[in-house]
>>> print(open('input.tsv').read())   # TSV, C-alpha atoms and all ligand atoms
chain	number	residue	atom	x	y	z
K	18	MET	CA	3.58	-22.78	-26.89
K	19	GLU	CA	4.26	-21.99	-30.56
K	20	ALA	CA	7.15	-24.47	-30.58
K	21	VAL	CA	4.92	-27.18	-29.10
K	22	ARG	CA	2.01	-26.46	-31.43
K	23	SER	CA	4.23	-26.43	-34.51
K	24	GLN	CA	4.94	-30.12	-33.86
K	25	PHE	CA	1.30	-31.04	-34.64
K	26	PRO	CA	0.71	-30.92	-38.42
K	27	LEU	CA	-3.04	-31.28	-37.80
K	28	LEU	CA	-3.14	-27.84	-36.21
K	29	LYS	CA	-2.06	-26.27	-39.52
K	30	ARG	CA	-5.42	-27.19	-41.07
K	31	GLU	CA	-8.14	-24.65	-41.61
K	32	ILE	CA	-11.81	-25.50	-41.24
K	33	ALA	CA	-14.66	-23.07	-41.78
K	34	GLY	CA	-12.03	-20.60	-43.03
K	35	ARG	CA	-10.19	-20.38	-39.74
K	36	PRO	CA	-7.46	-22.33	-37.97
K	37	LEU	CA	-8.67	-25.64	-36.61
K	38	VAL	CA	-9.53	-25.76	-32.91
K	39	TYR	CA	-9.18	-29.35	-31.76
K	40	PHE	CA	-11.23	-29.89	-28.58
K	41	ASP	CA	-11.78	-33.64	-29.00
K	42	ASN	CA	-8.66	-34.93	-27.28
K	43	ALA	CA	-10.61	-37.33	-25.04
K	44	ALA	CA	-11.72	-39.20	-28.17
K	45	THR	CA	-8.22	-39.32	-29.63
K	46	SER	CA	-5.28	-36.95	-29.50
K	47	PRO	CA	-3.57	-35.40	-32.53
K	48	LYS	CA	-0.25	-36.95	-33.53
K	49	PRO	CA	2.96	-34.94	-33.20
K	50	GLN	CA	5.63	-35.04	-35.92
K	51	PRO	CA	8.09	-37.29	-34.00
K	52	VAL	CA	5.37	-39.97	-33.73
K	53	ILE	CA	4.51	-39.64	-37.43
K	54	ASP	CA	8.21	-39.82	-38.32
K	55	ALA	CA	8.80	-42.94	-36.21
K	56	VAL	CA	5.90	-44.75	-37.87
K	57	ILE	CA	6.96	-43.71	-41.38
K	58	ASP	CA	10.57	-44.67	-40.65
K	59	TYR	CA	9.52	-48.20	-39.64
K	60	MET	CA	7.28	-48.57	-42.67
K	61	ALA	CA	9.79	-47.14	-45.13
K	62	ARG	CA	13.10	-48.52	-43.86
K	63	TYR	CA	12.67	-51.68	-41.79
K	64	SER	CA	9.12	-52.93	-42.21
K	65	ALA	CA	9.37	-56.58	-41.12
K	66	ASN	CA	7.80	-58.93	-38.61
K	67	ILE	CA	9.32	-59.23	-35.14
K	68	HIS	CA	10.72	-62.08	-33.05
K	69	ARG	CA	10.42	-64.46	-35.96
K	70	GLY	CA	13.28	-63.91	-38.36
K	71	LYS	CA	17.03	-63.70	-38.16
K	72	HIS	CA	17.48	-61.22	-40.99
K	73	THR	CA	18.58	-57.64	-40.53
K	74	LEU	CA	15.18	-56.03	-41.00
K	75	SER	CA	13.48	-58.38	-38.56
K	76	GLU	CA	16.15	-57.74	-35.97
K	77	GLU	CA	15.86	-53.97	-36.44
K	78	ALA	CA	12.07	-54.16	-36.10
K	79	SER	CA	12.31	-56.43	-33.03
K	80	ASP	CA	14.81	-54.08	-31.40
K	81	ALA	CA	12.66	-51.01	-32.09
K	82	TYR	CA	9.53	-52.77	-30.77
K	83	GLU	CA	11.24	-53.95	-27.58
K	84	ASN	CA	12.93	-50.58	-27.16
K	85	SER	CA	9.48	-48.99	-27.18
K	86	ARG	CA	8.40	-51.40	-24.47
K	87	SER	CA	11.37	-50.22	-22.36
K	88	LYS	CA	10.39	-46.57	-22.93
K	89	VAL	CA	6.78	-47.21	-21.95
K	90	ALA	CA	7.93	-49.18	-18.89
K	91	ARG	CA	10.15	-46.27	-17.80
K	92	PHE	CA	7.37	-43.77	-18.41
K	93	PHE	CA	5.01	-45.61	-16.04
K	94	ASN	CA	7.73	-46.86	-13.69
K	95	ALA	CA	6.97	-50.50	-14.38
K	96	ASP	CA	9.11	-53.48	-15.28
K	97	ARG	CA	9.41	-54.44	-18.98
K	98	ALA	CA	7.80	-57.83	-18.22
K	99	GLU	CA	4.79	-55.97	-16.82
K	100	ILE	CA	3.99	-54.15	-20.08
K	101	ALA	CA	1.93	-55.98	-22.71
K	102	PHE	CA	1.16	-54.20	-25.97
K	103	VAL	CA	-2.53	-54.44	-26.88
K	104	ARG	CA	-4.91	-52.63	-29.24
K	105	GLY	CA	-6.11	-50.21	-26.58
K	106	ALA	CA	-7.74	-49.94	-23.18
K	107	THR	CA	-10.77	-51.98	-24.31
K	108	GLU	CA	-8.64	-54.92	-25.34
K	109	ALA	CA	-6.54	-54.65	-22.16
K	110	ILE	CA	-9.69	-54.93	-20.00
K	111	HIS	CA	-10.90	-57.89	-22.04
K	112	LEU	CA	-7.52	-59.57	-21.59
K	113	VAL	CA	-7.95	-59.32	-17.83
K	114	ALA	CA	-11.66	-60.25	-17.81
K	115	GLY	CA	-11.04	-63.25	-20.07
K	116	GLY	CA	-7.86	-64.24	-18.26
K	117	LEU	CA	-9.53	-64.33	-14.85
K	118	LYS	CA	-12.03	-66.93	-16.06
K	119	LEU	CA	-14.87	-65.13	-14.27
K	120	ARG	CA	-17.92	-67.25	-13.49
K	121	PRO	CA	-21.53	-65.99	-13.80
K	122	ASP	CA	-22.06	-66.27	-10.02
K	123	GLU	CA	-19.07	-63.98	-9.32
K	124	ASN	CA	-19.09	-60.20	-9.45
K	125	VAL	CA	-16.96	-57.18	-10.28
K	126	VAL	CA	-17.55	-53.90	-8.44
K	127	GLY	CA	-17.13	-50.76	-10.52
K	128	THR	CA	-18.82	-47.37	-10.72
K	129	ILE	CA	-21.57	-45.64	-12.68
K	130	LEU	CA	-18.91	-43.27	-14.08
K	131	GLU	CA	-17.28	-46.00	-16.17
K	132	HIS	CA	-16.82	-46.03	-19.93
K	133	HIS	CA	-18.72	-48.86	-21.68
K	134	SER	CA	-15.33	-50.52	-22.22
K	135	ASN	CA	-14.95	-50.86	-18.45
K	136	ILE	CA	-18.45	-52.28	-17.99
K	137	LEU	CA	-19.22	-54.69	-20.82
K	138	PRO	CA	-16.10	-56.92	-20.56
K	139	TRP	CA	-17.26	-57.64	-16.97
K	140	SER	CA	-21.05	-57.64	-17.34
K	141	SER	CA	-20.82	-60.07	-20.28
K	142	ARG	CA	-19.07	-62.59	-18.03
K	143	CYS	CA	-20.37	-62.06	-14.49
K	144	GLU	CA	-22.41	-59.61	-12.42
K	145	PHE	CA	-21.26	-56.00	-12.67
K	146	ARG	CA	-22.17	-53.83	-9.67
K	147	ALA	CA	-21.91	-50.07	-10.09
K	148	ALA	CA	-21.24	-47.78	-7.15
K	149	PRO	CA	-23.18	-44.49	-7.43
K	150	LEU	CA	-21.63	-41.04	-7.33
K	151	GLY	CA	-21.41	-38.90	-4.22
K	152	PRO	CA	-22.48	-35.22	-4.10
K	153	ASP	CA	-19.00	-34.22	-5.29
K	154	GLY	CA	-19.49	-36.18	-8.54
K	155	LEU	CA	-16.87	-38.74	-7.58
K	156	PRO	CA	-17.67	-42.44	-7.18
K	157	ASP	CA	-18.77	-43.06	-3.60
K	158	LEU	CA	-16.18	-45.28	-1.93
K	159	GLU	CA	-18.37	-46.22	1.04
K	160	GLN	CA	-21.20	-47.33	-1.22
K	161	ALA	CA	-18.69	-49.31	-3.28
K	162	GLU	CA	-17.53	-51.07	-0.14
K	163	ARG	CA	-21.11	-52.12	0.60
K	164	LEU	CA	-21.29	-53.82	-2.80
K	165	ILE	CA	-18.29	-56.05	-2.08
K	166	ASP	CA	-19.02	-59.59	-0.92
K	167	ALA	CA	-17.36	-63.01	-0.88
K	168	LYS	CA	-17.98	-63.40	-4.64
K	169	THR	CA	-16.23	-60.16	-5.60
K	170	ARG	CA	-13.19	-60.97	-7.73
K	171	LEU	CA	-12.18	-57.47	-8.75
K	172	LEU	CA	-12.73	-53.78	-8.12
K	173	THR	CA	-12.43	-51.31	-10.96
K	174	VAL	CA	-12.62	-47.55	-11.34
K	175	THR	CA	-11.70	-44.95	-13.89
K	176	HIS	CA	-8.75	-42.77	-12.92
K	177	THR	CA	-10.10	-39.76	-14.86
K	178	SER	CA	-13.63	-39.50	-16.20
K	179	ASN	CA	-13.96	-39.16	-19.96
K	180	VAL	CA	-17.20	-37.19	-19.40
K	181	THR	CA	-16.56	-34.83	-16.50
K	182	GLY	CA	-12.75	-34.90	-16.34
K	183	ALA	CA	-13.01	-35.62	-12.60
K	184	VAL	CA	-9.85	-37.18	-11.21
K	185	VAL	CA	-10.72	-40.03	-8.85
K	186	PRO	CA	-8.49	-40.52	-5.79
K	187	VAL	CA	-7.61	-44.00	-7.01
K	188	ARG	CA	-5.14	-44.78	-4.21
K	189	ALA	CA	-8.12	-45.18	-1.85
K	190	TRP	CA	-9.66	-47.70	-4.27
K	191	VAL	CA	-6.45	-49.72	-4.31
K	192	ASP	CA	-6.50	-49.74	-0.48
K	193	LEU	CA	-10.16	-50.80	-0.47
K	194	ALA	CA	-9.41	-53.72	-2.80
K	195	ARG	CA	-6.45	-54.76	-0.64
K	196	ALA	CA	-8.59	-54.61	2.52
K	197	HIS	CA	-11.08	-57.02	0.93
K	198	GLY	CA	-8.55	-59.28	-0.76
K	199	SER	CA	-9.85	-58.56	-4.26
K	200	LEU	CA	-7.96	-57.56	-7.37
K	201	ILE	CA	-8.06	-53.98	-8.65
K	202	LEU	CA	-7.99	-52.60	-12.19
K	203	ILE	CA	-7.59	-48.87	-12.82
K	204	ASP	CA	-8.80	-47.50	-16.16
K	205	ALA	CA	-6.14	-44.95	-17.05
K	206	ALA	CA	-7.28	-44.51	-20.68
K	207	GLN	CA	-7.76	-40.76	-20.15
K	208	ALA	CA	-5.39	-40.28	-17.22
K	209	ALA	CA	-2.21	-41.58	-18.80
K	210	SER	CA	-1.55	-38.44	-20.82
K	211	HIS	CA	-2.85	-36.04	-18.14
K	212	SER	CA	-1.32	-37.34	-14.91
K	213	ASP	CA	2.11	-38.54	-13.94
K	214	ILE	CA	1.33	-42.21	-13.22
K	215	ASP	CA	3.79	-44.30	-11.23
K	216	ALA	CA	2.54	-47.90	-11.51
K	217	GLN	CA	4.75	-49.18	-8.69
K	218	ALA	CA	3.72	-46.45	-6.26
K	219	LEU	CA	0.03	-46.89	-7.13
K	220	GLY	CA	0.27	-50.64	-6.56
K	221	ALA	CA	-2.82	-51.62	-8.60
K	222	ASP	CA	-2.92	-55.12	-10.04
K	223	PHE	CA	-3.84	-53.86	-13.49
K	224	LEU	CA	-3.64	-50.49	-15.18
K	225	VAL	CA	-4.98	-50.03	-18.71
K	226	VAL	CA	-3.69	-47.37	-21.07
K	227	SER	CA	-4.94	-46.19	-24.43
K	228	GLY	CA	-2.05	-45.19	-26.73
K	229	HIS	CA	-4.11	-43.12	-29.15
K	230	LYS	CA	-5.17	-40.73	-26.35
K	231	LEU	CA	-1.51	-40.35	-25.46
K	232	PHE	CA	-0.42	-38.93	-28.83
K	233	ALA	CA	0.41	-42.40	-30.26
K	234	PRO	CA	-1.31	-43.98	-33.29
K	235	THR	CA	-4.72	-45.63	-33.04
K	236	GLY	CA	-4.81	-49.39	-32.43
K	237	ILE	CA	-2.16	-49.43	-29.72
K	238	GLY	CA	-2.23	-49.37	-25.93
K	239	VAL	CA	-0.79	-51.24	-23.00
K	240	LEU	CA	-1.90	-53.49	-20.20
K	241	ILE	CA	0.33	-52.80	-17.22
K	242	GLY	CA	0.15	-55.42	-14.50
K	243	ARG	CA	1.88	-56.51	-11.35
K	244	ARG	CA	3.91	-59.51	-12.41
K	245	GLU	CA	2.11	-61.89	-9.99
K	246	ALA	CA	-1.30	-60.65	-11.17
K	247	LEU	CA	-0.36	-61.05	-14.85
K	248	GLU	CA	0.94	-64.54	-14.14
K	249	GLU	CA	-2.48	-65.51	-12.81
K	250	LEU	CA	-4.13	-64.62	-16.12
K	251	GLN	CA	-5.01	-67.41	-18.50
K	252	PRO	CA	-3.67	-65.98	-21.79
K	253	THR	CA	-6.45	-65.27	-24.27
K	254	PRO	CA	-6.21	-65.27	-27.19
K	255	LEU	CA	-3.56	-67.92	-27.81
K	256	GLY	CA	-1.54	-68.27	-30.99
K	257	GLY	CA	1.83	-67.65	-32.62
K	258	GLY	CA	4.23	-65.61	-30.50
K	259	ALA	CA	2.43	-66.46	-27.23
K	260	VAL	CA	3.82	-70.00	-26.83
K	261	SER	CA	7.31	-71.48	-26.78
K	262	LEU	CA	6.19	-74.99	-27.78
K	263	VAL	CA	3.16	-76.82	-29.15
K	264	ARG	CA	3.43	-80.60	-28.74
K	265	GLY	CA	2.09	-83.36	-30.97
K	266	ASP	CA	-1.00	-83.63	-28.77
K	267	PHE	CA	-1.43	-79.82	-29.14
K	268	SER	CA	-0.69	-79.11	-25.49
K	269	PHE	CA	1.59	-76.09	-25.22
K	270	GLU	CA	4.05	-74.13	-23.11
K	271	PRO	CA	3.25	-70.41	-22.76
K	272	ARG	CA	6.10	-67.98	-23.27
K	273	ASP	CA	7.33	-65.75	-20.47
K	274	LEU	CA	5.62	-62.47	-19.69
K	275	PRO	CA	4.77	-60.24	-21.45
K	276	TRP	CA	4.91	-62.11	-24.78
K	277	ARG	CA	2.38	-64.75	-23.75
K	278	LEU	CA	-0.19	-61.93	-23.75
K	279	GLU	CA	0.71	-60.79	-27.27
K	280	ALA	CA	-0.48	-63.58	-29.58
K	281	GLY	CA	-0.21	-62.96	-33.31
K	282	THR	CA	1.65	-60.22	-35.15
K	283	PRO	CA	1.25	-57.11	-33.02
K	284	HIS	CA	0.76	-53.53	-34.19
K	285	ILE	CA	4.51	-53.03	-34.62
K	286	ALA	CA	4.24	-49.55	-36.15
K	287	GLY	CA	1.84	-48.51	-33.37
K	288	ALA	CA	4.13	-49.75	-30.62
K	289	ILE	CA	7.08	-47.91	-32.17
K	290	GLY	CA	4.86	-44.82	-32.42
K	291	MET	CA	3.92	-45.18	-28.77
K	292	GLY	CA	7.61	-45.22	-27.82
K	293	ALA	CA	8.02	-41.95	-29.72
K	294	ALA	CA	4.89	-40.55	-28.02
K	295	VAL	CA	6.20	-41.18	-24.50
K	296	ASP	CA	9.54	-39.65	-25.54
K	297	PHE	CA	7.62	-36.59	-26.73
K	298	LEU	CA	5.72	-36.31	-23.43
K	299	THR	CA	8.85	-36.93	-21.37
K	300	GLU	CA	10.65	-34.13	-23.18
K	301	ILE	CA	7.88	-31.67	-22.33
K	302	GLY	CA	7.54	-33.16	-18.84
K	303	MET	CA	4.44	-34.61	-17.19
K	304	GLY	CA	4.79	-32.06	-14.35
K	305	PRO	CA	4.41	-29.04	-16.67
K	306	ILE	CA	1.65	-30.86	-18.60
K	307	GLU	CA	-0.34	-31.47	-15.39
K	308	GLN	CA	0.12	-27.84	-14.37
K	309	ARG	CA	-0.89	-26.52	-17.78
K	310	ASN	CA	-3.95	-28.75	-17.88
K	311	ALA	CA	-5.04	-27.63	-14.42
K	312	GLU	CA	-4.93	-24.01	-15.69
K	313	LEU	CA	-6.86	-24.93	-18.86
K	314	SER	CA	-9.41	-26.83	-16.80
K	315	ARG	CA	-10.00	-23.84	-14.52
K	316	LEU	CA	-10.40	-21.51	-17.52
K	317	LEU	CA	-12.70	-23.96	-19.32
K	318	TYR	CA	-15.03	-24.35	-16.33
K	319	GLU	CA	-14.99	-20.64	-15.49
K	320	ARG	CA	-15.51	-19.32	-19.02
K	321	ILE	CA	-17.59	-22.00	-20.75
K	322	GLY	CA	-18.92	-24.00	-17.78
K	323	THR	CA	-20.75	-20.87	-16.55
K	324	LEU	CA	-22.33	-19.81	-19.86
K	325	GLU	CA	-25.98	-18.88	-19.44
K	326	GLY	CA	-28.15	-21.44	-21.24
K	327	LEU	CA	-25.82	-24.39	-20.75
K	328	THR	CA	-25.56	-26.77	-17.79
K	329	PRO	CA	-22.26	-28.49	-17.05
K	330	LEU	CA	-22.38	-32.15	-16.02
K	331	GLY	CA	-20.87	-33.27	-12.74
K	332	SER	CA	-19.50	-29.89	-11.91
K	333	SER	CA	-18.43	-29.50	-8.31
K	334	ALA	CA	-15.93	-27.09	-6.83
K	335	GLY	CA	-12.86	-28.56	-5.23
K	336	VAL	CA	-12.65	-31.65	-7.45
K	337	ALA	CA	-9.42	-31.94	-9.44
K	338	ARG	CA	-10.20	-32.41	-13.09
K	339	ALA	CA	-8.60	-32.82	-16.49
K	340	PRO	CA	-9.71	-30.12	-18.97
K	341	ILE	CA	-12.79	-32.08	-20.04
K	342	LEU	CA	-16.21	-30.41	-19.85
K	343	SER	CA	-19.57	-31.87	-20.88
K	344	LEU	CA	-22.55	-29.56	-21.30
K	345	VAL	CA	-26.27	-29.83	-21.84
K	346	GLU	CA	-28.59	-27.22	-23.33
K	347	PRO	CA	-31.57	-27.90	-21.03
K	348	THR	CA	-34.41	-26.78	-23.34
K	349	GLY	CA	-33.29	-29.42	-25.83
K	350	THR	CA	-33.46	-26.93	-28.72
K	351	LEU	CA	-29.77	-27.39	-29.38
K	352	THR	CA	-29.08	-31.10	-29.16
K	353	PRO	CA	-25.46	-32.12	-28.43
K	354	ASP	CA	-25.04	-33.48	-31.98
K	355	TYR	CA	-26.41	-30.30	-33.53
K	356	LEU	CA	-24.21	-28.06	-31.38
K	357	SER	CA	-21.17	-30.13	-32.26
K	358	ARG	CA	-21.97	-29.91	-35.98
K	359	LEU	CA	-22.49	-26.14	-35.80
K	360	LEU	CA	-19.27	-25.60	-33.87
K	361	SER	CA	-17.39	-27.64	-36.46
K	362	ASP	CA	-18.87	-26.30	-39.66
K	363	SER	CA	-19.33	-22.66	-38.70
K	364	TYR	CA	-16.47	-22.07	-36.24
K	365	GLY	CA	-13.83	-24.75	-36.94
K	366	VAL	CA	-14.11	-26.19	-33.42
K	367	MET	CA	-13.98	-29.99	-33.14
K	368	THR	CA	-16.00	-31.31	-30.18
K	369	ARG	CA	-18.04	-34.41	-29.48
K	370	GLY	CA	-21.81	-34.67	-29.13
K	371	GLY	CA	-23.45	-37.80	-27.73
K	372	HIS	CA	-22.98	-40.14	-24.79
K	373	HIS	CA	-19.19	-40.56	-25.03
K	374	CYS	CA	-19.61	-44.32	-24.45
K	375	ALA	CA	-21.07	-43.57	-21.02
K	376	HIS	CA	-24.82	-44.24	-21.33
K	377	PRO	CA	-25.23	-45.32	-17.66
K	378	TYR	CA	-23.64	-42.07	-16.47
K	379	HIS	CA	-25.93	-39.93	-18.66
K	380	GLU	CA	-28.97	-41.96	-17.64
K	381	GLN	CA	-28.36	-41.42	-13.92
K	382	ALA	CA	-27.79	-37.70	-14.67
K	383	GLY	CA	-31.20	-37.69	-16.39
K	384	VAL	CA	-29.92	-36.35	-19.71
K	385	ASN	CA	-29.88	-37.74	-23.21
K	386	GLY	CA	-26.30	-36.98	-24.22
K	387	SER	CA	-24.05	-33.97	-23.89
K	388	LEU	CA	-21.62	-31.77	-25.79
K	389	ARG	CA	-18.07	-32.56	-24.71
K	390	LEU	CA	-15.10	-30.22	-25.01
K	391	SER	CA	-11.85	-31.98	-24.19
K	392	LEU	CA	-8.62	-30.02	-24.22
K	393	HIS	CA	-4.97	-30.85	-23.82
K	394	PHE	CA	-1.85	-28.93	-22.94
K	395	TYR	CA	-1.23	-27.52	-26.43
K	396	ASN	CA	-4.66	-25.83	-26.57
K	397	THR	CA	-4.73	-22.09	-25.94
K	398	GLU	CA	-6.67	-19.47	-24.01
K	399	GLU	CA	-7.60	-17.87	-27.35
K	400	GLU	CA	-9.19	-21.12	-28.51
K	401	VAL	CA	-11.28	-21.25	-25.32
K	402	GLU	CA	-12.39	-17.65	-25.87
K	403	HIS	CA	-13.21	-18.31	-29.55
K	404	THR	CA	-15.34	-21.32	-28.55
K	405	ALA	CA	-17.07	-19.43	-25.73
K	406	ARG	CA	-18.07	-16.68	-28.15
K	407	ALA	CA	-19.23	-19.22	-30.72
K	408	LEU	CA	-21.45	-20.86	-28.11
K	409	GLU	CA	-22.77	-17.47	-26.98
K	410	GLN	CA	-23.74	-16.66	-30.57
K	411	LEU	CA	-25.43	-20.02	-31.08
K	412	LEU	CA	-27.35	-19.77	-27.80
K	413	ALA	CA	-28.46	-16.20	-28.56
K	414	MET	CA	-29.78	-17.24	-31.97
K	415	VAL	CA	-31.72	-20.27	-30.88
K	416	VAL	CA	-32.67	-19.70	-27.27
K	417	PRO	CA	-34.13	-16.23	-26.89
K	418	ARG	CA	-33.14	-14.75	-23.57
K	419	GLY	CA	-34.06	-11.54	-21.78
K	420	PRO	CA	-37.10	-9.28	-22.46
E	501	LIG	C1	-12.21	-43.82	-19.69
E	501	LIG	C2	-12.05	-44.66	-20.93
E	501	LIG	N1	-11.89	-45.99	-20.82
E	501	LIG	C3	-11.72	-46.77	-21.88
E	501	LIG	C4	-11.72	-46.26	-23.16
E	501	LIG	C5	-11.50	-47.17	-24.34
E	501	LIG	O1	-10.19	-46.94	-24.83
E	501	LIG	P1	-9.66	-47.54	-26.20
E	501	LIG	O2	-10.21	-46.70	-27.29
E	501	LIG	O3	-8.17	-47.42	-26.10
E	501	LIG	O4	-10.08	-48.96	-26.28
E	501	LIG	C6	-11.91	-44.89	-23.33
E	501	LIG	C7	-11.98	-44.30	-24.69
E	501	LIG	O5	-12.68	-43.35	-24.94
E	501	LIG	C8	-12.07	-44.07	-22.18
E	501	LIG	O6	-12.25	-42.74	-22.30
>>> encode(input="input.tsv", output="structure tokens")
Amino acid sequence: MEAVRSQFPLLKREIAGRPLVYFDNAATSPKPQPVIDAVIDYMARYSANIHRGKHTLSEEASDAYENSRSKVARFFNADRAEIAFVRGATEAIHLVAGGLKLRPDENVVGTILEHHSNILPWSSRCEFRAAPLGPDGLPDLEQAERLIDAKTRLLTVTHTSNVTGAVVPVRAWVDLARAHGSLILIDAAQAASHSDIDAQALGADFLVVSGHKLFAPTGIGVLIGRREALEELQPTPLGGGAVSLVRGDFSFEPRDLPWRLEAGTPHIAGAIGMGAAVDFLTEIGMGPIEQRNAELSRLLYERIGTLEGLTPLGSSAGVARAPILSLVEPTGTLTPDYLSRLLSDSYGVMTRGGHHCAHPYHEQAGVNGSLRLSLHFYNTEEEVEHTARALEQLLAMVVPRGP
């Protein structure tokens, strides 16, 4: 553990006079040294544009960028042509929503658990229908099926909730989409760094990944798609790098996949950083990471999820979950924002207070925001204990309990 933690310079910081506890991994993960080094190396030694020049630096940058694509493809067991670099999961979903040319009379069936980024790209173009949650806190598949009709173009579901950490059995959603002849997009923004995802085995049409939650820099992510599904997309936006020819009448020939989906100068440093990030994760192993996170999740729910005076959201025994826990102080004395501020400034614990870009989920739960603790494999049992005690102290001060 010490060897792993020593690779994150951020963890050497002190806040509130004690070592930083970073429990905001679902917002963005800290960056390990190999990722930082890869980005600095590109910027310092071969900073140049890609696929455009024939000089040494441009070739080095192009090779590094494409090499990263190969690494990411291997990591998710996809073909290189099926990996398009984008700014993040939000942009990947927009690329699909825009590329499908959805009409207002068509619909997309999703769930109430979705992040705003997996609602608005659809609802701004067509009808978005949200399946409710079942008693186990997972999206109800049967109810989702009832929402599908002849105008349903696509089904979408989050793989892992960014609020409750619940892991959705997404294979069943892929089967449901297949049974109804609709496309399926899985939001793996959270899942990609928590679960071992095999794109081929999963068989979804589209899988969206956020690089910055996977230990890569911000501003990078990937759209992974089945080749035939990607080919159906009308590329948006268009521009340099996405076409092989623009004629005198301004008609054009799109480039092959995946470049036709990468118009303009991409985030070269970010893509190179993402290659280093998947190398970093591969070296540790997604198997051990999944196992470690399952242990952290159990501890988090047992120690902090059961604290008197706090109510966990979506908690249900028997549901697999990433170590993400959202809590509400039901009297409203300690608002999520206030708790988060106190944990940061008095105890050095970074958490998130608010709606976590999931207003519809919070609304159906009848709460106005929550305090989210999101851990990852490098976090420790001691950090959980420190945070539990901090919360106990805060609750004891503000919410009088007992006689
Ligand atoms: C489940 C989920 N989907 C989508 C997103 C958006 O990802 P990005 O920041 O890469 O656009 C997030 C980010 O918080 C998320 O948690």
>>> closest_atom_pairs(input="input.tsv", of="chain K", to="ligand LIG 501 (chain E)", cutoff="6 Å", atoms="all atoms listed in the file", output="JSON lines")
{"residue": "K:Ala44", "atom": "CA", "partner": "E:LIG501", "partner_atom": "O5", "distance": 5.3}
{"residue": "K:Gly105", "atom": "CA", "partner": "E:LIG501", "partner_atom": "O3", "distance": 3.5}
{"residue": "K:Ala106", "atom": "CA", "partner": "E:LIG501", "partner_atom": "O3", "distance": 3.9}
{"residue": "K:Thr107", "atom": "CA", "partner": "E:LIG501", "partner_atom": "O4", "distance": 3.7}
{"residue": "K:His132", "atom": "CA", "partner": "E:LIG501", "partner_atom": "N1", "distance": 5.0}
{"residue": "K:Ser134", "atom": "CA", "partner": "E:LIG501", "partner_atom": "C3", "distance": 5.2}
{"residue": "K:Thr175", "atom": "CA", "partner": "E:LIG501", "partner_atom": "C1", "distance": 5.9}
{"residue": "K:Ser178", "atom": "CA", "partner": "E:LIG501", "partner_atom": "C1", "distance": 5.7}
{"residue": "K:Asn179", "atom": "CA", "partner": "E:LIG501", "partner_atom": "O6", "distance": 4.6}
{"residue": "K:Asp204", "atom": "CA", "partner": "E:LIG501", "partner_atom": "N1", "distance": 5.8}
{"residue": "K:Ala206", "atom": "CA", "partner": "E:LIG501", "partner_atom": "C2", "distance": 4.8}
{"residue": "K:Gln207", "atom": "CA", "partner": "E:LIG501", "partner_atom": "O6", "distance": 5.4}
{"residue": "K:Ser227", "atom": "CA", "partner": "E:LIG501", "partner_atom": "O3", "distance": 3.8}
>>> residues_around(input="input.tsv", residues="Leu112 in chain K", least_positions_apart="4", cutoff="7 Å", atoms="only C-alpha atoms", output="list in words")
Glu108, Gly116 and Thr253 of chain K
>>> closest_residue(input="input.tsv", among="K:Thr323, K:Asn42, K:Thr397, K:Ser363", to="Gln410 in chain K", atoms="all atoms listed in the file")
K:Ser363
>>> closest_residue(input="input.tsv", among="K:Leu388, K:Ala101, K:Val126, K:Ala20", to="Gln50 in chain K", atoms="all atoms listed in the file")
K:Ala20
>>> closest_residue(input="input.tsv", among="K:Ser387, K:Ser141, K:Asn84, K:Thr169", to="Ala375 in chain K", atoms="only C-alpha atoms")
K:Ser387
>>> residues_around(input="input.tsv", residues="Gly322 in chain K", least_positions_apart="4", cutoff="12 Å", atoms="all atoms listed in the file", output="ChimeraX atom specification")
/K:181,314-318,326-334,340-346,388-390,401,404-405,408-409
>>> closest_residue(input="input.tsv", among="K:Glu76, K:Asp122, K:Glu131, K:Glu83", to="His379 in chain K", atoms="only C-alpha atoms")
K:Glu131
>>> closest_residue(input="input.tsv", among="K:Ile165, K:Leu130, K:Ile321, K:Ile289", to="Pro149 in chain K", atoms="all atoms listed in the file")
K:Leu130
>>> closest_residue(input="input.tsv", among="K:Pro347, K:Gly335, K:Pro252, K:Gly70", to="Gly154 in chain K", atoms="all atoms listed in the file")
K:Gly335
